[in-house]
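See below for the structure under consideration.
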Amino acid sequence: MLSTSQPAARWAFSVVTLFVATTTVMSVSAQTIQYPDTRKSDQVDTYHGTKVADPYRWLEDDNSAETKAWVKAQNEVTDKFLNALPQREAIKKQFTALYNFEKFGIPSKEGKRYFWTHNDGLQQQSVLYTAASLTGVPQIAIDPNTLSKDGTVALSGTVPSRDGRHLAYGIAGAGSDWQEWHVRDLITGKDLADTIKWVKFSTAEWTPDGHGFFYARYDTPQDGAALTGSNFYQKLYYHRLGDDQTKDVLVYENKTEKEWGFGATVSDDGSFVSIYVWKGSGRKNGLLWMPLKNGAFDYLTKAEPKIITLDFDAEYTPVGSHGNLVWVKTDKDAPHGKIIAIDLNKADRMHWKTIVTEAVDTLTAASAVGGKIFAQYLKDAVTNVKVYTPEGKFVRDVTMPGVGTAGGFGGRFADTETFFSYTSLTTPGEIYRYNVASGKVSLFKRPITAFNPDEFETRQAFVTSKDGTKFPIFIAYKKGLKLDANNPTILYGYGGFNVSETPNYRVTAATWIKLGGVYVSASIRGGGEYGGAWHDAGTKLKKQNVFDDFIAAAEWLIANKYTQPAKLAINGGSNGGLLVGAVVNQRPDLFGAAVPQVGVMDMLRFHKFTIGWAWVSDYGSSDSAEEFKALYAYSPLHTIQSGKTYPSIMVTTADHDDRVVPAHSFKYAATLQAADTGAAPKLIRIETSAGHGAGTPTTKVIQERSDILTFIANALGMPIKLSF
């Protein structure tokens with residue numbers, strides 16, 4: 001986003017070349033590792049007539065003294081192993097040098113003030129700035145680096161009021177999903193007394209009068225159970241500035257639907273609020289609306305929300321509004337997505353009107369800005385954006401800087417400009433300004449980095465999976481790469497929850513290819529790259545398709561002489577951690593290393609922890625006999641095969657992860673270490689005072705990701721040559 005007039009921070013090094021011989025690397029890999037003893041219990045559960053042992057159930061209690069001692073012992077073993085690797089400090093220096101560049105957020109505007117985030121390079125967290133103009137002198141709106149001494153308290157959200165006077169901001173400690181919201185007066189720079197607790201999976205939405213905002217929360221726990229509990233029955237509230245939270249008005253709840261959650265969007269003119277009703281993590285949702293009075297919420301005589309749809313038969317995401325007309329992105333009878341217009345005076349389905357019809361490409365997002373509608377599409381996982389009139393007449397394509405990923409295009413219906421970001425595997429995030437009237441695209445901010453994209457190239461290829469389905473992969477490497485099957489390669493994937501894996505810049509990837517490796521990103525089924533059917537083809541009983549795709553990508557890289565099994569590593573996080581765990585169990589012969597991060601590893605019990613129940617829409621549940629059979633067949637925890645040779649594996653997790661609880665990784669790692677899977681290391685790296693990833697301080701990010709690359713480089717026998 002907007003620059004602070006400070007020059008981009010750059011590390012200057014004299015030219016140094018560090019070479020780690022392959023023989024040294026291999027000798028480290030071959031060292032004998034003494035894993036900590038992990039107690040086994042006789043816990044056995046019966047699922048639909050099948051007995052399943054769970055000897056490490058006790059590790060699910062991450063607050064017990066025994067578990068904490070186990071974590072400490074595991075980290076000591078892993079750190080000893082990593083410290084013995086001559087690549088560790090060298091790769092950390094390389095990663096740090098590439099991480100140290102200015103990072104800009106996309107500007108937004110409320111009232112007469114612009115807001116943006118900026119990180120000078122190595123700040124623990126990005127700072128929110130504000131200014132009266134894009135060329136004005138910026139002021140700090142809030143600096144999250146001052147919220148805690150150890151940097152573990154992070155901003156989870158920031159929402160300025162419509163007049164730009166107040167800022168609602170959420171904070172989260174140690175990477176938790178739980179948020180506490182506060183309000184800052186941007187004129188005085190001081191916080192008001194307002195404090196909102198027990199918020200999760202919600203932001204704040206101001207009413208135009210600036211008197212308060214909508215938010216969603218869970219009931220106050222009576223026994224601390226919110227830290228590990230199931231998080232059901234979310235409720236939508238309105239908070240009026242100056243009031244204690246106990247006085248907040250309950251706007252909407254459903255006492256018979258424990259899985260429902262809510263999000264609010266107030267129309268630009270303040271005449272109504274749209275209420276998005278979500279259920280689990282599926283893309284299908286409900287939609288309500290409620291009238292407001294002149295941009296205000298009448299908390300004394302509030303109107304009751306009215307139903308647009310609660311059928312949960314498709315996605316219905318509000319795009320924008322004008323008067324009584326609301327535009328909605330939906331995949332109802334349109335798997336690739338379309339945009340409809342709904343007149344709230346006659347909101348029944350008979351009067352819904354399609355204004356942007358379904359296209360061959362997948363509609364991933366839309367917005368209404370400057371009197372136009374912006375529709376963002378994916379074509380083979382690459383972004384293109386089209387502009388339409390409110391009636392659906394095509395105006396123009398937005399000129400993209402290249403073949404990559406774009407996002408943004410936010411703003412109000414009366415705005416004259418909007419902003420978007422652009423990135424690719426070899427292009428750090430750039431910010432562009434778009435003039436709505438003329439269609440002119442102009443570069444706003446381009447970071448200066450130690451990474452020179454001209455030295456590298458990216459190609460797209462298409463892979464055919466086991467059942468004949470084709471999908472794209474993106475391959476990045478140094479120019480002049482030899483296809484001699486000898487290139488150390490990392491294959492990355494996700495494959496779930498309708499999340500599209502598109503080409504974007506990662507310092508992890510940049511470091512790897514600068515070291516001479518190949519980095520590959522796979523757009524496999526389960527994501528949203530090709531619409532609803534593509535997502536559905538990687539869910540529940542069809543989840544094996546995701547693993548087949550990832551295996552096919554690995555086999556394609558080997559067949560096309562990019563690499564060989566001993567030189568190929570796989571990596572992914574969260575649902576991607578599940579992907580890595582399942583695939584390495586199914587084809588341990590295909591890889592030289594695997595790093596599953598914060599993965600869902602116990603597919604029989606995932607729904608029993610925190611928000612895990614919400615993933616049933618993608619995974620299914622062991623409560624169902626048919627779905628249990630499918631889950632048990634690929635669950636990483638339950639498919640470790642003693643007697644087979646596995647590659648080097650390092651599991652990563654965090655002790656405060658309250659989304660994918662660390663017990664998944666704890667139990668998986670303990671099972672790996674106890675099984676006969678060969679001499680290659682089976683380690684677990686457990687970050688302390690951290691969560692699922694969001695809000696992690698820069699120092700922890702650098703150390704963890706450089707450790708991952710160190711582990712992989714060692715496992716693949718990669719000589720390290722660094723030049724600074």
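How things are named: the first chain in the structure tokens is A, the next is B, and so on; residues count from 1 in each chain; ligands count from 1 in the order shown.
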
Q) What residues in stretch 569-700 of chain A get the DSSP label helix (DSSP H, G or I)? Please answer as a PyMOL selection string. A) chain A and resi 575-586+588-590+606-608+612-619+625-634+636-638+663-674+698-700

Quick one: write out the picked residues with N, CA and C atoms as a compact mmCIF listing (two decimals), in the first residue's frame?
```txt
# COMPACT_ATOMS: atom_id res chain seq x y z
N ASN A 575 -5.34 -28.12 5.83
CA ASN A 575 -5.85 -29.17 4.94
C ASN A 575 -4.73 -29.68 4.03
N GLY A 576 -3.78 -28.80 3.69
CA GLY A 576 -2.60 -29.22 2.93
C GLY A 576 -1.69 -30.13 3.73
N GLY A 577 -1.70 -29.99 5.07
CA GLY A 577 -0.96 -30.91 5.92
C GLY A 577 -1.56 -32.30 5.87
N LEU A 578 -2.90 -32.35 5.88
CA LEU A 578 -3.60 -33.62 5.67
C LEU A 578 -3.20 -34.22 4.33
N LEU A 579 -3.18 -33.40 3.29
CA LEU A 579 -2.79 -33.86 1.95
C LEU A 579 -1.42 -34.53 1.97
N VAL A 580 -0.46 -33.85 2.58
CA VAL A 580 0.91 -34.38 2.62
C VAL A 580 0.96 -35.68 3.42
N GLY A 581 0.28 -35.69 4.59
CA GLY A 581 0.29 -36.89 5.42
C GLY A 581 -0.34 -38.09 4.73
N ALA A 582 -1.45 -37.86 4.05
CA ALA A 582 -2.13 -38.96 3.36
C ALA A 582 -1.30 -39.47 2.20
N VAL A 583 -0.74 -38.55 1.42
CA VAL A 583 -0.01 -38.94 0.21
C VAL A 583 1.31 -39.64 0.54
N VAL A 584 2.03 -39.15 1.55
CA VAL A 584 3.30 -39.80 1.88
C VAL A 584 3.05 -41.19 2.44
N ASN A 585 1.90 -41.40 3.09
CA ASN A 585 1.56 -42.74 3.55
C ASN A 585 1.22 -43.66 2.39
N GLN A 586 0.53 -43.11 1.38
CA GLN A 586 0.13 -43.93 0.24
C GLN A 586 1.28 -44.24 -0.70
N PRO A 588 5.08 -43.67 -0.12
CA PRO A 588 6.35 -43.27 0.49
C PRO A 588 7.55 -43.42 -0.45
N ASP A 589 7.39 -44.26 -1.47
CA ASP A 589 8.48 -44.49 -2.42
C ASP A 589 8.68 -43.32 -3.37
N LEU A 590 7.72 -42.40 -3.41
CA LEU A 590 7.72 -41.36 -4.43
C LEU A 590 8.47 -40.09 -4.00
N PHE A 606 -11.50 -35.46 14.28
CA PHE A 606 -11.28 -34.02 14.03
C PHE A 606 -12.48 -33.18 14.43
N HIS A 607 -13.68 -33.73 14.28
CA HIS A 607 -14.90 -32.95 14.52
C HIS A 607 -15.21 -32.77 16.00
N LYS A 608 -14.39 -33.33 16.87
CA LYS A 608 -14.63 -33.24 18.31
C LYS A 608 -13.88 -32.09 18.97
N GLY A 612 -13.68 -27.92 14.53
CA GLY A 612 -13.56 -29.07 13.64
C GLY A 612 -14.88 -29.57 13.08
N TRP A 613 -15.96 -29.42 13.84
CA TRP A 613 -17.26 -29.88 13.35
C TRP A 613 -17.63 -29.21 12.03
N ALA A 614 -17.11 -28.00 11.81
CA ALA A 614 -17.46 -27.25 10.60
C ALA A 614 -16.84 -27.85 9.34
N TRP A 615 -15.88 -28.75 9.50
CA TRP A 615 -15.20 -29.33 8.34
C TRP A 615 -15.90 -30.57 7.81
N VAL A 616 -16.94 -30.98 8.50
CA VAL A 616 -17.68 -32.17 8.06
C VAL A 616 -18.21 -31.99 6.64
N SER A 617 -18.51 -30.74 6.26
CA SER A 617 -19.02 -30.47 4.91
C SER A 617 -18.03 -30.88 3.84
N ASP A 618 -16.74 -30.83 4.16
CA ASP A 618 -15.70 -31.25 3.20
C ASP A 618 -15.27 -32.70 3.40
N TYR A 619 -15.15 -33.10 4.67
CA TYR A 619 -14.57 -34.40 4.96
C TYR A 619 -15.59 -35.52 5.17
N ALA A 625 -21.40 -44.46 8.84
CA ALA A 625 -20.71 -45.71 8.51
C ALA A 625 -19.99 -45.63 7.17
N GLU A 626 -20.65 -45.07 6.17
CA GLU A 626 -20.06 -44.98 4.83
C GLU A 626 -18.88 -44.01 4.83
N GLU A 627 -19.05 -42.87 5.48
CA GLU A 627 -17.98 -41.87 5.50
C GLU A 627 -16.82 -42.33 6.39
N PHE A 628 -17.13 -43.06 7.46
CA PHE A 628 -16.06 -43.61 8.29
C PHE A 628 -15.13 -44.48 7.45
N LYS A 629 -15.70 -45.32 6.60
CA LYS A 629 -14.90 -46.22 5.77
C LYS A 629 -13.93 -45.43 4.89
N ALA A 630 -14.43 -44.34 4.29
CA ALA A 630 -13.57 -43.52 3.43
C ALA A 630 -12.50 -42.80 4.24
N LEU A 631 -12.89 -42.24 5.39
CA LEU A 631 -11.94 -41.51 6.24
C LEU A 631 -10.85 -42.42 6.78
N TYR A 632 -11.24 -43.59 7.22
CA TYR A 632 -10.30 -44.54 7.81
C TYR A 632 -9.29 -45.02 6.76
N ALA A 633 -9.71 -45.02 5.51
CA ALA A 633 -8.85 -45.50 4.43
C ALA A 633 -7.69 -44.56 4.13
N TYR A 634 -7.84 -43.26 4.45
CA TYR A 634 -6.75 -42.32 4.14
C TYR A 634 -6.26 -41.51 5.33
N PRO A 636 -4.23 -39.89 7.88
CA PRO A 636 -2.78 -40.01 8.05
C PRO A 636 -2.37 -40.74 9.33
N LEU A 637 -3.08 -40.48 10.43
CA LEU A 637 -2.76 -41.14 11.69
C LEU A 637 -2.94 -42.65 11.60
N HIS A 638 -3.93 -43.09 10.85
CA HIS A 638 -4.32 -44.49 10.87
C HIS A 638 -3.76 -45.31 9.70
N ALA A 663 -2.96 -31.77 18.86
CA ALA A 663 -3.05 -33.21 19.08
C ALA A 663 -2.98 -34.00 17.77
N HIS A 664 -3.49 -33.42 16.68
CA HIS A 664 -3.39 -34.09 15.38
C HIS A 664 -1.94 -34.43 15.05
N SER A 665 -1.09 -33.42 15.15
CA SER A 665 0.32 -33.60 14.81
C SER A 665 1.05 -34.41 15.88
N PHE A 666 0.69 -34.20 17.16
CA PHE A 666 1.33 -34.93 18.25
C PHE A 666 1.16 -36.44 18.05
N LYS A 667 -0.09 -36.84 17.83
CA LYS A 667 -0.40 -38.28 17.71
C LYS A 667 0.22 -38.88 16.44
N TYR A 668 0.18 -38.12 15.37
CA TYR A 668 0.75 -38.59 14.10
C TYR A 668 2.26 -38.79 14.24
N ALA A 669 2.95 -37.81 14.83
CA ALA A 669 4.40 -37.91 14.99
C ALA A 669 4.77 -39.06 15.92
N ALA A 670 4.03 -39.21 17.01
CA ALA A 670 4.32 -40.30 17.95
C ALA A 670 4.16 -41.65 17.27
N THR A 671 3.13 -41.79 16.43
CA THR A 671 2.90 -43.04 15.72
C THR A 671 4.01 -43.31 14.71
N LEU A 672 4.44 -42.28 14.00
CA LEU A 672 5.55 -42.42 13.05
C LEU A 672 6.82 -42.90 13.76
N GLN A 673 7.12 -42.28 14.89
CA GLN A 673 8.35 -42.60 15.60
C GLN A 673 8.33 -44.01 16.17
N ALA A 674 7.14 -44.49 16.51
CA ALA A 674 7.03 -45.83 17.09
C ALA A 674 7.01 -46.93 16.03
N THR A 698 7.21 -12.02 12.84
CA THR A 698 8.16 -12.22 11.75
C THR A 698 9.32 -13.13 12.14
N THR A 699 9.87 -12.96 13.35
CA THR A 699 11.01 -13.78 13.74
C THR A 699 10.64 -15.26 13.77
N LYS A 700 9.43 -15.58 14.22
CA LYS A 700 8.99 -16.97 14.25
C LYS A 700 8.76 -17.49 12.83
```

Using only C-alpha atoms, I'd like a table of the residues in stretch 73-171 of chain A that come within 9 Å of stretch 676-687 of chain A; for each, show the closest atom pair and its distance in Å rounded to one decimal, ordered by chain and ascending number, as a tab-separated table.
```
residue	atom	partner	partner_atom	distance
A:Gln74	CA	A:Ile684	CA	6.6
A:Asn75	CA	A:Arg685	CA	5.9
A:Val77	CA	A:Leu683	CA	7.9
A:Thr78	CA	A:Leu683	CA	6.0
A:Asp79	CA	A:Arg685	CA	8.0
A:Phe81	CA	A:Leu683	CA	8.9
```

Q.
Would you pick out the contacts of stretch 190-206 of chain A at 9 Å or less, using only C-alpha atoms, so that residues sharing its chain but fewer than 6 positions from it are not included, and give the list as an MDAnalysis selection string?
A. chainID A and resid 156:162 168:170 177:184 212:221 226 231 234 239 241:245 261:266

Enumerate, in order of chain and increasing residue number, the residues of stretch 419-471 of chain A with an atom no farther than 10 Å from stretch 550-553 of chain A, each with its shortest atom pair and distance in Å to one decimal, counting only C-alpha atoms, as a Markdown table.
```
| residue | atom | partner | partner_atom | distance |
| --- | --- | --- | --- | --- |
| A:Ala461 | CA | A:Ala553 | CA | 9.9 |
| A:Phe462 | CA | A:Ala553 | CA | 8.9 |
| A:Val463 | CA | A:Ala553 | CA | 6.2 |
| A:Thr464 | CA | A:Ala552 | CA | 6.9 |
| A:Ser465 | CA | A:Ala552 | CA | 5.3 |
| A:Lys466 | CA | A:Ala552 | CA | 6.9 |
| A:Lys470 | CA | A:Ala552 | CA | 9.9 |
| A:Phe471 | CA | A:Ala553 | CA | 9.0 |
```

Those residues you just picked out, can you put them in a file as a JSON list (two decimals), in the first residue's frame with all heavy atoms?
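Result file result-v9.json:
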```json
[["chain", "number", "residue", "atom", "x", "y", "z"],
["A", 461, "ALA", "N", 1.92, -25.96, -16.67],
["A", 461, "ALA", "CA", 1.77, -27.24, -17.37],
["A", 461, "ALA", "C", 0.48, -27.89, -16.89],
["A", 461, "ALA", "O", -0.08, -27.52, -15.85],
["A", 461, "ALA", "CB", 2.96, -28.15, -17.10],
["A", 462, "PHE", "N", -0.02, -28.85, -17.66],
["A", 462, "PHE", "CA", -1.25, -29.55, -17.30],
["A", 462, "PHE", "C", -0.95, -31.03, -17.09],
["A", 462, "PHE", "O", -0.29, -31.67, -17.91],
["A", 462, "PHE", "CB", -2.32, -29.34, -18.36],
["A", 462, "PHE", "CG", -2.88, -27.94, -18.36],
["A", 462, "PHE", "CD1", -2.24, -26.93, -19.08],
["A", 462, "PHE", "CD2", -4.00, -27.63, -17.62],
["A", 462, "PHE", "CE1", -2.73, -25.63, -19.06],
["A", 462, "PHE", "CE2", -4.50, -26.33, -17.59],
["A", 462, "PHE", "CZ", -3.86, -25.33, -18.32],
["A", 463, "VAL", "N", -1.45, -31.54, -15.98],
["A", 463, "VAL", "CA", -1.20, -32.92, -15.58],
["A", 463, "VAL", "C", -2.50, -33.71, -15.68],
["A", 463, "VAL", "O", -3.57, -33.20, -15.36],
["A", 463, "VAL", "CB", -0.66, -32.96, -14.13],
["A", 463, "VAL", "CG1", -0.51, -34.40, -13.64],
["A", 463, "VAL", "CG2", 0.67, -32.22, -14.04],
["A", 464, "THR", "N", -2.41, -34.94, -16.11],
["A", 464, "THR", "CA", -3.57, -35.82, -16.17],
["A", 464, "THR", "C", -3.56, -36.76, -14.96],
["A", 464, "THR", "O", -2.59, -37.49, -14.73],
["A", 464, "THR", "CB", -3.57, -36.66, -17.46],
["A", 464, "THR", "OG1", -3.57, -35.77, -18.58],
["A", 464, "THR", "CG2", -4.80, -37.55, -17.52],
["A", 465, "SER", "N", -4.64, -36.73, -14.19],
["A", 465, "SER", "CA", -4.73, -37.54, -12.99],
["A", 465, "SER", "C", -5.14, -38.98, -13.31],
["A", 465, "SER", "O", -5.36, -39.35, -14.47],
["A", 465, "SER", "CB", -5.74, -36.91, -12.02],
["A", 465, "SER", "OG", -5.65, -37.50, -10.74],
["A", 466, "LYS", "N", -5.26, -39.78, -12.28],
["A", 466, "LYS", "CA", -5.54, -41.21, -12.40],
["A", 466, "LYS", "C", -6.81, -41.50, -13.18],
["A", 466, "LYS", "O", -6.87, -42.45, -13.97],
["A", 466, "LYS", "CB", -5.63, -41.81, -10.99],
["A", 466, "LYS", "CG", -5.86, -43.30, -10.93],
["A", 466, "LYS", "CD", -5.88, -43.76, -9.48],
["A", 466, "LYS", "CE", -6.11, -45.26, -9.38],
["A", 466, "LYS", "NZ", -6.11, -45.71, -7.95],
["A", 470, "LYS", "N", -7.73, -33.43, -15.93],
["A", 470, "LYS", "CA", -6.56, -32.58, -16.10],
["A", 470, "LYS", "C", -6.61, -31.39, -15.15],
["A", 470, "LYS", "O", -7.68, -30.85, -14.87],
["A", 470, "LYS", "CB", -6.46, -32.08, -17.55],
["A", 470, "LYS", "CG", -6.13, -33.18, -18.55],
["A", 470, "LYS", "CD", -5.92, -32.61, -19.95],
["A", 470, "LYS", "CE", -5.53, -33.72, -20.93],
["A", 470, "LYS", "NZ", -5.28, -33.18, -22.29],
["A", 471, "PHE", "N", -5.44, -30.99, -14.65],
["A", 471, "PHE", "CA", -5.35, -29.85, -13.75],
["A", 471, "PHE", "C", -4.01, -29.15, -13.97],
["A", 471, "PHE", "O", -3.04, -29.76, -14.44],
["A", 471, "PHE", "CB", -5.50, -30.30, -12.29],
["A", 471, "PHE", "CG", -4.43, -31.24, -11.83],
["A", 471, "PHE", "CD1", -3.27, -30.79, -11.22],
["A", 471, "PHE", "CD2", -4.58, -32.62, -11.99],
["A", 471, "PHE", "CE1", -2.29, -31.66, -10.79],
["A", 471, "PHE", "CE2", -3.61, -33.51, -11.56],
["A", 471, "PHE", "CZ", -2.45, -33.02, -10.96]]
```

Q: Find, counting only C-alpha atoms, the residue in A:Asn571, A:Leu557, A:Thr418, A:Ala437 that gets nearest to A:Ile473.
A: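 Closest to A:Ile473, using only C-alpha atoms: A:Leu557.
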
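You can rank A:Arg433, A:Lys542, A:Lys293, A:Lys479 by their closest distance to A:Thr399 using only C-alpha atoms, and at the top of that list sits A:Arg433.
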
(Q) Please list as an MDAnalysis selection string every residue within 10 Å of A:Tyr99, counting only C-alpha atoms and excluding residues in the same chain fewer than 2 positions away. (A) chainID A and resid 10 93:97 101:103 121:122 449:451 506:508 510:511 698 701:702

Q | Gap from atom CA of A:Asn560 to atom CA of A:Val518 - Å, one decimal | A |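 Calculated distance between atom CA of A:Asn560 and atom CA of A:Val518 is 13.0 Å.
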
Q: Find, counting only C-alpha atoms, the residue in A:Ile33, A:Ala654, A:Lys567, A:Gly280 that gets nearest to A:Ser689.
A: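 Among the listed residues, A:Ala654 lies closest to A:Ser689.
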
Q: Would you mind telling me which residue in A:Met400, A:Lys514, A:Gly282, A:Arg412 lies nearest to A:Gly270 when using only C-alpha atoms?
A: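 Looking at the shortest contact to A:Gly270, the residue is A:Arg412.
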
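By chain and then residue number, the residues within 7 Å of A:Gln139 are Tyr129, Thr130 and Ala131 of chain A, counting only C-alpha atoms and disregarding those fewer than 5 positions away in sequence.
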
Q.
Give me the residues near A:Ile308 as an MDAnalysis selection string, where near means some atom within 8 Å (using only C-alpha atoms) and where sequence neighbours in that chain fewer than 6 positions away do not count.
A. chainID A and resid 286:289 347:348

Q: Give me every strand (DSSP E) residue in stretch 140-170 of chain A, going by DSSP on the backbone, as an NGL selection string.
A: :A and (140-142 or 153-160 or 166-170)
